[in-house]
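Structure below is run39.cif: mmCIF, C-alpha atoms.
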```
data_target
loop_
_atom_site.label_atom_id
_atom_site.label_comp_id
_atom_site.auth_asym_id
_atom_site.auth_seq_id
_atom_site.Cartn_x
_atom_site.Cartn_y
_atom_site.Cartn_z
CA MET L 1360 -23.00 -49.31 39.50
CA THR L 1361 -25.47 -47.31 41.58
CA PHE L 1362 -27.61 -44.64 39.97
CA ALA L 1363 -29.41 -41.64 41.43
CA ALA L 1364 -31.34 -39.36 39.08
CA PRO L 1365 -30.84 -35.60 39.56
CA ALA L 1366 -33.52 -34.03 41.74
CA ALA L 1367 -36.27 -31.91 40.20
CA LEU L 1368 -39.48 -30.39 41.55
CA PRO L 1369 -42.78 -30.24 39.64
CA ILE L 1370 -43.70 -26.92 38.05
CA GLY L 1371 -45.49 -24.79 40.64
CA VAL L 1372 -48.66 -22.73 40.33
CA ASP L 1373 -46.74 -19.47 40.74
CA GLU L 1374 -44.64 -20.23 37.66
CA ARG L 1375 -47.76 -21.05 35.67
CA ARG L 1376 -49.39 -17.78 36.76
CA ALA L 1377 -46.30 -15.89 35.59
CA ARG L 1378 -46.61 -17.61 32.21
CA ILE L 1379 -50.25 -16.56 31.99
CA GLN L 1380 -49.41 -12.95 32.81
CA ALA L 1381 -46.75 -12.92 30.09
CA LEU L 1382 -49.26 -14.39 27.64
CA ALA L 1383 -51.94 -11.88 28.67
CA ALA L 1384 -49.56 -9.00 27.97
CA MET L 1385 -48.89 -10.41 24.49
CA LEU L 1386 -52.63 -10.79 23.81
CA ASP L 1387 -53.28 -7.23 24.88
CA ALA L 1388 -50.39 -5.86 22.80
CA GLN L 1389 -51.72 -7.62 19.69
CA GLY L 1390 -55.33 -6.59 20.20
CA LEU L 1391 -56.54 -10.13 20.89
CA ALA L 1392 -59.30 -10.75 23.40
CA ALA L 1393 -58.25 -14.23 24.50
CA LEU L 1394 -56.45 -17.46 23.64
CA LEU L 1395 -58.35 -20.73 23.46
CA LEU L 1396 -56.36 -23.77 24.64
CA GLY L 1397 -57.51 -27.28 23.82
CA SER L 1398 -56.47 -30.60 25.35
CA THR L 1399 -52.84 -30.04 24.39
CA THR L 1400 -49.51 -29.60 26.12
CA SER L 1401 -50.06 -25.84 26.03
CA LEU L 1402 -53.05 -26.34 28.35
CA LEU L 1403 -50.71 -28.13 30.77
CA TYR L 1404 -47.98 -25.51 30.31
CA PHE L 1405 -50.14 -22.54 31.23
CA THR L 1406 -52.70 -23.94 33.67
CA GLY L 1407 -51.43 -27.25 35.05
CA LEU L 1408 -54.52 -29.12 33.78
CA ASP L 1409 -53.47 -32.31 31.99
CA TRP L 1410 -56.41 -33.59 29.94
CA HIS L 1411 -56.61 -36.33 27.34
CA PRO L 1412 -57.68 -35.29 23.82
CA SER L 1413 -61.05 -36.62 22.69
CA GLU L 1414 -63.90 -35.75 20.34
CA ARG L 1415 -65.29 -33.31 22.93
CA LEU L 1416 -63.68 -29.97 23.64
CA THR L 1417 -62.10 -29.56 27.05
CA GLY L 1418 -59.74 -26.66 27.47
CA ALA L 1419 -59.29 -23.17 28.81
CA LEU L 1420 -59.85 -19.59 27.74
CA ILE L 1421 -57.11 -17.20 28.81
CA HIS L 1422 -58.24 -13.60 28.56
CA ALA L 1423 -56.11 -10.55 27.82
CA ASP L 1424 -56.71 -9.37 31.40
CA GLY L 1425 -55.20 -12.63 32.76
CA ARG L 1426 -58.45 -14.36 33.74
CA VAL L 1427 -58.65 -18.11 33.20
CA GLU L 1428 -61.90 -19.89 32.38
CA TYR L 1429 -62.02 -23.66 31.94
CA ILE L 1430 -64.42 -25.22 29.44
CA CYS L 1431 -65.61 -28.83 29.66
CA PRO L 1432 -68.66 -31.07 29.10
CA ARG L 1433 -71.05 -30.91 32.05
CA PHE L 1434 -70.58 -34.59 32.86
CA GLU L 1435 -66.82 -34.02 33.29
CA LEU L 1436 -67.27 -31.16 35.78
CA ASP L 1437 -66.37 -33.13 38.91
CA LYS L 1438 -63.24 -34.62 37.35
CA VAL L 1439 -62.05 -31.32 35.88
CA GLY L 1440 -62.82 -29.62 39.19
CA ALA L 1441 -60.66 -32.11 41.05
CA LEU L 1442 -57.78 -31.76 38.59
CA THR L 1443 -57.85 -27.97 38.60
CA ALA L 1444 -57.70 -27.91 42.39
CA GLY L 1445 -53.92 -28.19 42.01
CA ALA L 1446 -53.78 -25.97 38.94
CA VAL L 1447 -54.26 -22.28 38.23
CA SER L 1448 -57.65 -21.24 39.60
CA GLY L 1449 -60.47 -20.25 37.29
CA GLU L 1450 -64.20 -20.54 36.75
CA ILE L 1451 -65.32 -23.77 35.08
CA LEU L 1452 -67.85 -23.29 32.27
CA THR L 1453 -69.78 -26.35 31.15
CA TRP L 1454 -71.84 -27.40 28.16
CA GLU L 1455 -74.40 -30.18 27.77
CA GLU L 1456 -74.26 -32.77 25.00
CA GLU L 1457 -76.79 -30.96 22.78
CA ASP L 1458 -75.10 -27.59 23.28
CA SER L 1459 -72.26 -25.96 21.33
CA PRO L 1460 -69.06 -25.32 23.29
CA TYR L 1461 -68.11 -22.88 20.54
CA ALA L 1462 -71.18 -20.74 21.14
CA LEU L 1463 -70.34 -20.84 24.86
CA ILE L 1464 -66.81 -19.56 24.15
CA ALA L 1465 -68.04 -16.92 21.71
CA GLY L 1466 -70.33 -15.58 24.40
CA ARG L 1467 -67.36 -14.99 26.73
CA LEU L 1468 -65.67 -12.62 24.31
CA PRO L 1469 -66.31 -8.87 23.99
CA SER L 1470 -68.29 -7.73 20.96
CA GLY L 1471 -66.06 -8.02 17.91
CA GLY L 1472 -63.19 -9.42 19.99
CA ARG L 1473 -60.66 -11.58 18.15
CA LEU L 1474 -59.70 -15.01 19.46
CA ALA L 1475 -56.31 -16.71 19.16
CA VAL L 1476 -56.56 -20.50 18.92
CA ASP L 1477 -54.00 -22.99 20.20
CA GLU L 1478 -52.18 -24.29 17.10
CA LEU L 1479 -52.11 -27.81 18.57
CA VAL L 1480 -55.90 -28.24 18.78
CA ALA L 1481 -57.76 -30.67 16.55
CA THR L 1482 -59.13 -29.25 13.30
CA PHE L 1483 -62.72 -29.67 14.51
CA VAL L 1484 -62.10 -27.08 17.23
CA TRP L 1485 -60.88 -24.47 14.74
CA LEU L 1486 -63.80 -25.22 12.43
CA GLY L 1487 -66.25 -25.00 15.31
CA MET L 1488 -64.92 -21.61 16.38
CA ALA L 1489 -64.92 -20.38 12.77
CA GLY L 1490 -68.60 -21.31 12.58
CA ALA L 1491 -69.41 -19.54 15.83
CA LEU L 1492 -67.34 -16.37 15.32
CA GLY L 1493 -66.41 -16.21 11.66
CA ALA L 1494 -62.90 -17.10 10.48
CA GLU L 1495 -61.96 -13.41 10.28
CA ARG L 1496 -62.11 -13.18 14.08
CA LEU L 1497 -59.68 -16.07 14.59
CA ALA L 1498 -55.89 -15.89 14.80
CA ASN L 1499 -53.16 -18.52 15.03
CA GLY L 1500 -52.09 -18.78 18.66
CA GLY L 1501 -48.92 -20.69 17.76
CA PRO L 1502 -46.58 -17.69 17.62
CA LEU L 1503 -47.77 -16.65 21.10
CA THR L 1504 -47.37 -20.01 22.81
CA THR L 1505 -44.13 -20.88 21.01
CA ALA L 1506 -42.49 -17.58 21.96
CA LEU L 1507 -42.99 -18.44 25.64
CA ARG L 1508 -42.57 -22.21 25.58
CA ARG L 1509 -39.27 -22.26 23.70
CA ILE L 1510 -37.46 -20.51 26.58
CA LYS L 1511 -37.20 -23.02 29.42
CA SER L 1512 -37.09 -21.87 33.04
CA PRO L 1513 -34.60 -23.29 35.56
CA ALA L 1514 -37.37 -25.56 36.87
CA GLU L 1515 -38.00 -26.91 33.37
CA ILE L 1516 -34.29 -27.44 32.76
CA ALA L 1517 -34.13 -29.44 36.01
CA LEU L 1518 -37.03 -31.68 34.94
CA LEU L 1519 -35.51 -32.22 31.51
CA THR L 1520 -32.17 -33.03 33.12
CA ARG L 1521 -33.76 -35.66 35.36
CA ALA L 1522 -35.68 -37.27 32.49
CA LYS L 1523 -32.63 -37.51 30.26
CA ALA L 1524 -30.39 -38.87 33.00
CA ILE L 1525 -32.91 -41.64 33.61
CA THR L 1526 -33.07 -42.57 29.95
CA LEU L 1527 -29.29 -42.60 29.51
CA GLU L 1528 -29.03 -45.01 32.44
CA VAL L 1529 -31.77 -47.18 30.91
CA GLN L 1530 -29.82 -47.20 27.64
CA ARG L 1531 -26.69 -48.36 29.50
CA ARG L 1532 -28.59 -51.11 31.34
CA THR L 1533 -30.17 -52.28 28.10
CA ARG L 1534 -26.81 -52.77 26.40
CA ASP L 1535 -25.57 -54.83 29.35
CA TRP L 1536 -28.78 -56.93 29.28
CA LEU L 1537 -28.86 -57.78 25.55
CA THR L 1538 -28.40 -61.44 24.55
CA ALA L 1539 -28.39 -63.22 21.21
CA GLY L 1540 -31.88 -64.15 20.07
CA VAL L 1541 -33.72 -61.49 22.07
CA LEU L 1542 -36.63 -59.93 20.15
CA THR L 1543 -37.09 -56.20 19.65
CA SER L 1544 -40.43 -56.48 21.48
CA GLU L 1545 -38.67 -57.97 24.52
CA VAL L 1546 -36.13 -55.15 24.51
CA LYS L 1547 -38.96 -52.61 24.46
CA ARG L 1548 -40.60 -54.25 27.48
CA PHE L 1549 -37.30 -54.21 29.34
CA ILE L 1550 -36.79 -50.52 28.56
CA ASP L 1551 -40.30 -49.65 29.72
CA ALA L 1552 -39.83 -51.50 33.00
CA GLU L 1553 -36.44 -49.90 33.67
CA HIS L 1554 -37.77 -46.40 32.99
CA ARG L 1555 -40.51 -46.98 35.53
CA ARG L 1556 -38.08 -48.52 38.02
CA LEU L 1557 -35.92 -45.38 37.89
CA GLY L 1558 -38.76 -42.89 38.30
CA GLY L 1559 -39.82 -42.13 34.74
CA GLU L 1560 -43.33 -42.58 33.36
CA GLY L 1561 -42.45 -45.63 31.30
CA GLY L 1562 -40.95 -45.85 27.84
CA SER L 1563 -43.30 -48.07 25.84
CA TRP L 1564 -45.05 -45.06 24.29
CA PHE L 1565 -41.79 -44.08 22.59
CA CYS L 1566 -39.21 -46.78 21.95
CA LEU L 1567 -37.50 -47.61 18.67
CA VAL L 1568 -35.36 -50.75 18.71
CA SER L 1569 -33.63 -51.74 15.46
CA PHE L 1570 -31.21 -54.56 14.66
CA GLY L 1571 -29.06 -55.14 11.57
CA ASP L 1572 -30.07 -53.40 8.37
CA ASP L 1573 -33.31 -52.18 9.99
CA THR L 1574 -31.08 -49.43 11.43
CA CYS L 1575 -31.07 -47.90 7.92
CA LEU L 1576 -34.67 -46.82 8.59
CA PRO L 1577 -34.65 -43.65 10.74
CA HIS L 1578 -37.79 -44.80 12.57
CA GLY L 1579 -37.04 -48.51 12.56
CA GLY L 1580 -38.46 -51.59 10.90
CA GLU L 1581 -41.93 -53.04 11.43
CA GLY L 1582 -41.07 -56.66 12.28
CA ASP L 1583 -40.18 -58.26 15.60
CA ARG L 1584 -36.59 -59.06 14.76
CA ALA L 1585 -34.24 -61.31 16.75
CA LEU L 1586 -30.78 -60.03 17.68
CA GLN L 1587 -27.87 -61.84 16.05
CA THR L 1588 -24.16 -61.72 16.82
CA ASP L 1589 -22.43 -58.77 15.10
CA ASP L 1590 -25.74 -56.97 14.47
CA VAL L 1591 -25.77 -53.19 14.59
CA VAL L 1592 -28.09 -52.06 17.40
CA LEU L 1593 -29.91 -48.71 17.33
CA ILE L 1594 -32.14 -47.80 20.27
CA ASP L 1595 -34.01 -44.48 20.40
CA THR L 1596 -36.17 -44.02 23.49
CA GLY L 1597 -37.32 -41.64 26.18
CA THR L 1598 -39.53 -41.08 29.17
CA LEU L 1599 -41.54 -38.36 30.91
CA VAL L 1600 -40.93 -36.55 34.19
CA ASP L 1601 -43.77 -34.19 35.17
CA GLY L 1602 -44.64 -34.06 31.48
CA TYR L 1603 -41.12 -33.20 30.25
CA HIS L 1604 -39.42 -35.44 27.71
CA SER L 1605 -36.18 -37.29 27.25
CA ASP L 1606 -35.18 -38.66 23.84
CA ILE L 1607 -31.78 -40.36 23.57
CA THR L 1608 -30.35 -42.63 20.87
CA ARG L 1609 -27.37 -44.95 21.02
CA THR L 1610 -25.90 -47.05 18.21
CA TYR L 1611 -23.32 -49.80 18.70
CA VAL L 1612 -22.61 -53.38 17.63
CA PHE L 1613 -23.58 -56.55 19.45
CA GLY L 1614 -20.28 -58.22 18.68
CA GLU L 1615 -17.40 -57.04 16.53
CA PRO L 1616 -17.83 -53.87 14.42
CA THR L 1617 -16.55 -53.87 10.85
CA ALA L 1618 -13.95 -51.31 9.78
CA ALA L 1619 -16.59 -49.59 7.61
CA PHE L 1620 -18.97 -49.26 10.56
CA ARG L 1621 -16.23 -47.82 12.77
CA THR L 1622 -15.48 -45.16 10.18
CA VAL L 1623 -19.12 -44.10 9.82
CA TRP L 1624 -19.64 -44.13 13.60
CA ASP L 1625 -16.67 -41.78 14.02
CA HIS L 1626 -18.06 -39.47 11.32
CA GLU L 1627 -21.40 -39.40 13.12
CA LYS L 1628 -19.74 -38.55 16.44
CA GLN L 1629 -17.78 -35.70 14.86
CA ALA L 1630 -20.88 -34.31 13.13
CA GLN L 1631 -22.71 -34.27 16.48
CA ALA L 1632 -19.75 -32.50 18.12
CA LEU L 1633 -19.56 -29.86 15.38
CA ALA L 1634 -23.28 -29.16 15.68
CA PHE L 1635 -22.85 -28.62 19.42
CA GLU L 1636 -19.91 -26.27 18.89
CA ALA L 1637 -21.92 -24.25 16.36
CA ALA L 1638 -24.83 -23.76 18.77
CA GLN L 1639 -23.70 -20.44 20.19
CA LEU L 1640 -25.89 -17.65 21.54
CA GLY L 1641 -26.89 -15.35 18.69
CA ALA L 1642 -26.37 -18.00 16.01
CA THR L 1643 -29.34 -19.26 14.02
CA CYS L 1644 -30.92 -22.70 14.28
CA GLU L 1645 -30.14 -23.41 10.62
CA SER L 1646 -26.44 -22.67 11.14
CA VAL L 1647 -26.24 -25.60 13.58
CA ASP L 1648 -27.67 -27.94 10.97
CA ALA L 1649 -25.25 -26.52 8.40
CA ALA L 1650 -22.23 -27.21 10.63
CA ALA L 1651 -23.02 -30.93 10.76
CA ARG L 1652 -24.24 -31.23 7.17
CA ASP L 1653 -21.33 -29.30 5.61
CA TYR L 1654 -18.83 -31.50 7.44
CA LEU L 1655 -20.54 -34.65 6.18
CA THR L 1656 -20.82 -33.30 2.65
CA GLY L 1657 -17.09 -32.62 2.70
CA LEU L 1658 -16.55 -36.31 3.43
CA GLY L 1659 -18.60 -37.31 0.39
CA TYR L 1660 -22.00 -37.90 1.99
CA GLY L 1661 -25.16 -36.35 0.54
CA PRO L 1662 -25.33 -33.63 -0.53
CA ASP L 1663 -28.42 -32.24 1.17
CA TYR L 1664 -30.67 -35.12 2.29
CA ARG L 1665 -29.43 -37.67 -0.24
CA LEU L 1666 -28.14 -41.06 0.83
CA PRO L 1667 -25.63 -42.20 1.88
CA GLY L 1668 -25.85 -39.26 4.23
CA LEU L 1669 -28.00 -37.35 6.70
CA PRO L 1670 -31.68 -37.82 5.73
CA HIS L 1671 -33.33 -35.48 8.26
CA ARG L 1672 -32.77 -32.33 10.32
CA THR L 1673 -29.92 -32.22 12.81
CA GLY L 1674 -32.19 -31.61 15.79
CA HIS L 1675 -35.51 -30.49 17.21
CA GLY L 1676 -36.74 -28.50 20.15
CA VAL L 1677 -37.89 -30.50 23.16
CA GLY L 1678 -39.93 -29.83 26.29
CA LEU L 1679 -43.53 -30.82 27.04
CA ASP L 1680 -43.66 -32.06 23.44
CA ILE L 1681 -40.97 -34.42 22.27
CA HIS L 1682 -40.77 -32.45 19.03
CA GLU L 1683 -41.43 -28.73 19.36
CA ALA L 1684 -40.26 -25.50 17.77
CA PRO L 1685 -37.73 -24.27 16.95
CA ASN L 1686 -35.78 -26.88 14.96
CA LEU L 1687 -32.16 -27.24 13.93
CA VAL L 1688 -32.92 -27.36 10.24
CA ARG L 1689 -32.26 -25.37 7.09
CA GLY L 1690 -34.72 -22.52 6.81
CA ASP L 1691 -35.27 -22.07 10.56
CA ARG L 1692 -33.62 -18.71 11.21
CA THR L 1693 -34.64 -18.52 14.87
CA VAL L 1694 -31.82 -16.96 16.88
CA LEU L 1695 -30.50 -19.15 19.69
CA GLN L 1696 -31.29 -17.74 23.14
CA ALA L 1697 -30.57 -18.85 26.68
CA GLY L 1698 -33.15 -21.40 27.82
CA MET L 1699 -33.78 -23.08 24.47
CA SER L 1700 -33.33 -26.87 24.43
CA PHE L 1701 -32.66 -29.18 21.51
CA SER L 1702 -31.83 -32.70 20.40
CA ASN L 1703 -28.55 -33.16 18.51
CA GLU L 1704 -28.83 -36.18 16.18
CA PRO L 1705 -27.30 -35.83 12.68
CA MET L 1706 -27.96 -39.45 11.68
CA LEU L 1707 -25.92 -41.17 8.97
CA VAL L 1708 -27.62 -43.79 6.77
CA ILE L 1709 -25.75 -46.20 4.49
CA PRO L 1710 -28.60 -47.79 2.47
CA GLY L 1711 -28.77 -51.58 2.59
CA GLN L 1712 -26.10 -51.77 5.29
CA PHE L 1713 -26.71 -49.80 8.49
CA GLY L 1714 -27.59 -46.49 10.05
CA VAL L 1715 -25.86 -44.67 12.90
CA ARG L 1716 -27.62 -42.15 15.11
CA LEU L 1717 -26.11 -40.68 18.25
CA GLU L 1718 -28.63 -38.45 19.97
CA ASP L 1719 -28.11 -36.35 23.05
CA HIS L 1720 -29.75 -33.10 24.05
CA PHE L 1721 -28.40 -29.71 25.07
CA TYR L 1722 -29.78 -26.43 26.30
CA MET L 1723 -28.55 -22.92 25.75
CA GLY L 1724 -26.95 -21.64 28.94
CA GLU L 1725 -25.93 -18.07 29.69
CA SER L 1726 -22.54 -18.65 28.04
CA GLY L 1727 -23.43 -21.17 25.32
CA PRO L 1728 -24.57 -24.76 24.85
CA VAL L 1729 -24.65 -27.21 27.77
CA TRP L 1730 -25.11 -30.96 27.36
CA PHE L 1731 -27.93 -32.56 29.33
CA THR L 1732 -26.19 -35.93 28.92
CA ALA L 1733 -22.62 -36.73 27.94
CA PRO L 1734 -22.22 -37.98 24.35
CA SER L 1735 -20.82 -41.46 23.71
CA PRO L 1736 -17.06 -41.45 24.38
CA SER L 1737 -16.34 -44.11 21.75
CA LEU L 1738 -17.88 -47.01 19.84
CA ASP L 1739 -16.20 -49.55 22.12
CA ASP L 1740 -17.21 -47.67 25.26
CA PRO L 1741 -20.52 -45.97 24.33
CA PHE L 1742 -21.47 -45.13 27.93
CA GLY L 1743 -18.07 -44.30 29.42
CA ALA L 1744 -18.25 -47.33 31.65
CA ASN L 1745 -14.77 -48.70 30.97
#
```

Conversion result in structure tokens:
Amino acid sequence: MTFAAPAALPIGVDERRARIQALAAMLDAQGLAALLLGSTTSLLYFTGLDWHPSERLTGALIHADGRVEYICPRFELDKVGALTAGAVSGEILTWEEEDSPYALIAGRLPSGGRLAVDELVATFVWLGMAGALGAERLANGGPLTTALRRIKSPAEIALLTRAKAITLEVQRRTRDWLTAGVLTSEVKRFIDAEHRRLGGEGGSWFCLVSFGDDTCLPHGGEGDRALQTDDVVLIDTGTLVDGYHSDITRTYVFGEPTAAFRTVWDHEKQAQALAFEAAQLGATCESVDAAARDYLTGLGYGPDYRLPGLPHRTGHGVGLDIHEAPNLVRGDRTVLQAGMSFSNEPMLVIPGQFGVRLEDHFYMGESGPVWFTAPSPSLDDPFGAN
């Protein structure tokens, strides 16, 4: 079977500038002088600069008038300068090792101006800014960045679509490749190599491979287990395309499924389908979780998060972060809007026996939910290959 991933272009500078202008308008409306971004995915989202987190602050200051100023240690100037050549333009401000980057940032604000801080920064950045400005002049920047990031543009949807298509194909290839005796570590190496072969950025950074009763653990066991005939197999993995995530789970049996496993697998599939059907424009995130959970409770699972049953939320937002707001969980009353994207994974755990998680993602289109990848057709044909 030949495979060609859907085409997708990287996010362009013009789209990032539009994001900055939208953010600047929000800052101005809320009486905030600027937003400080650290070495987080929000820095990449707004500016295009992708920088590794470390103990030294590197980031950007986005002002309410739309200006962008980058902040970095002086010895990183050449590297940051090269990376920002393809990003949104802005002056680069530097600090020496004995200097305070927080004093540098404070000096760029108007007298008495309040600063929003990226909610994803390390605690030391918030504490440093509190020391330089006073905590009363700081605000949580999370509501600002989340309001923009949760609505994906067509370019973002295309990148997410490409990433997820690659991972689904890797999942299919992995099932065909499995042999008795293979170790979970060997499966992970195979998945990483196949992701790279198909144009993703590898999969070793995020790859859960569970055999047998290890599938009862939502995030897998800790040992390097060997696959045995008739083991349940649960693989949860993803990749990156231009920074955007895939995250797909498949559960099946390497051999002959028991009647009990077939029943639970079918319940899981129906719960996933009901969650998708409930994800309509104008509905709330928590109502999607309720659709899956209420169905399972009616079958005798749970209730709530009790086992046997569904131990975690039905789904999470996804984009530049693999888990980002909003979430399909009780208590999240965010209204579903076009452009939002989510995982759909109402896992079922039968303690001491097995777990079943089927995870695909969808986005909210102009008329309702749209699958990024097709769900498993059946336990015996999990990839629709037969």

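Near (-16.5, -30.8, 11.9), the residues inside the 10 Å limit, counting all atoms listed in the file, come to L:His1626, L:Glu1627, L:Lys1628, L:Gln1629, L:Ala1630, L:Gln1631, L:Ala1632, L:Leu1633, L:Ala1634, L:Glu1636, L:Ala1637, L:Ala1650, L:Ala1651, L:Arg1652, L:Asp1653, L:Tyr1654, L:Leu1655, L:Gly1657.
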
Each residue of segment 1647-1739 of chain L lying at most 8 Å from segment 1599-1613 of chain L should get a row with its shortest atom-to-atom pair and the distance in Å to one decimal, counting all atoms listed in the file; could you produce that, ordered by chain and increasing number, as CSV?
```
residue,atom,partner,partner_atom,distance
L:Val1677,CA,L:His1604,CA,6.9
L:Gly1678,CA,L:Tyr1603,CA,5.3
L:Leu1679,CA,L:Tyr1603,CA,4.7
L:Asp1680,CA,L:His1604,CA,6.9
L:Ile1681,CA,L:His1604,CA,5.7
L:Ser1702,CA,L:Asp1606,CA,7.7
L:Val1715,CA,L:Thr1610,CA,5.8
L:Arg1716,CA,L:Thr1610,CA,6.0
L:Leu1717,CA,L:Arg1609,CA,5.2
L:Glu1718,CA,L:Thr1608,CA,4.6
L:Asp1719,CA,L:Ile1607,CA,5.5
L:His1720,CA,L:Ile1607,CA,7.6
L:Ser1735,CA,L:Arg1609,CA,7.9
L:Leu1738,CA,L:Tyr1611,CA,6.2
L:Asp1739,CA,L:Tyr1611,CA,7.9
```

_I want to know what sits within 8 Å of Gln1639 of chain L, based on only C-alpha atoms, with residues of the same chain fewer than 2 positions away left out; could you give that as a count of residues only?_
8

_Can you translate the PyMOL selection byres ((chain L and resi 1552) around 12) into the concrete residues it hits in this file, as a PyMOL selection string?_
chain L and resi 1526+1529+1532-1533+1545-1551+1553-1563+1598

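You can rank L:Ser1569, L:Thr1482, L:Thr1543, L:Gln1389 by their closest distance to Ala1498 of chain L using only C-alpha atoms, and at the top of that list sits L:Gln1389.
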
*Quick one: which residues end up in the PyMOL selection byres ((chain L and resi 1446) around 12) for this structure, as a ChimeraX atom specification?*
/L:1369-1376,1402-1409,1419,1427,1429,1439-1445,1447-1450

May I have the residues from that selection written out with C-alpha atoms, as an mmCIF file, in the coordinates of the input?
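Here's the written file part_15.cif:
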```cif
data_model
loop_
_atom_site.group_PDB
_atom_site.id
_atom_site.type_symbol
_atom_site.label_atom_id
_atom_site.label_comp_id
_atom_site.auth_asym_id
_atom_site.auth_seq_id
_atom_site.Cartn_x
_atom_site.Cartn_y
_atom_site.Cartn_z
ATOM 1 C CA PRO L 1369 -42.780 -30.240 39.640
ATOM 2 C CA ILE L 1370 -43.700 -26.920 38.050
ATOM 3 C CA GLY L 1371 -45.490 -24.790 40.640
ATOM 4 C CA VAL L 1372 -48.660 -22.730 40.330
ATOM 5 C CA ASP L 1373 -46.740 -19.470 40.740
ATOM 6 C CA GLU L 1374 -44.640 -20.230 37.660
ATOM 7 C CA ARG L 1375 -47.760 -21.050 35.670
ATOM 8 C CA ARG L 1376 -49.390 -17.780 36.760
ATOM 9 C CA LEU L 1402 -53.050 -26.340 28.350
ATOM 10 C CA LEU L 1403 -50.710 -28.130 30.770
ATOM 11 C CA TYR L 1404 -47.980 -25.510 30.310
ATOM 12 C CA PHE L 1405 -50.140 -22.540 31.230
ATOM 13 C CA THR L 1406 -52.700 -23.940 33.670
ATOM 14 C CA GLY L 1407 -51.430 -27.250 35.050
ATOM 15 C CA LEU L 1408 -54.520 -29.120 33.780
ATOM 16 C CA ASP L 1409 -53.470 -32.310 31.990
ATOM 17 C CA ALA L 1419 -59.290 -23.170 28.810
ATOM 18 C CA VAL L 1427 -58.650 -18.110 33.200
ATOM 19 C CA TYR L 1429 -62.020 -23.660 31.940
ATOM 20 C CA VAL L 1439 -62.050 -31.320 35.880
ATOM 21 C CA GLY L 1440 -62.820 -29.620 39.190
ATOM 22 C CA ALA L 1441 -60.660 -32.110 41.050
ATOM 23 C CA LEU L 1442 -57.780 -31.760 38.590
ATOM 24 C CA THR L 1443 -57.850 -27.970 38.600
ATOM 25 C CA ALA L 1444 -57.700 -27.910 42.390
ATOM 26 C CA GLY L 1445 -53.920 -28.190 42.010
ATOM 27 C CA VAL L 1447 -54.260 -22.280 38.230
ATOM 28 C CA SER L 1448 -57.650 -21.240 39.600
ATOM 29 C CA GLY L 1449 -60.470 -20.250 37.290
ATOM 30 C CA GLU L 1450 -64.200 -20.540 36.750
#
```

*Of the residues L:Gly1501, L:Gly1698, L:Gly1418, L:Gly1674, which is the one nearest to Ile1464 of chain L, using only C-alpha atoms?*
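The shortest atom-to-atom distance to Ile1464 of chain L comes from L:Gly1418.
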
*asked:* Could you list, as a list in words, every residue within 6 Å of Pro1432 of chain L, counting all atoms listed in the file and ignoring same-chain residues fewer than 5 positions away?
replied: Thr1453, Trp1454 and Glu1455 of chain L
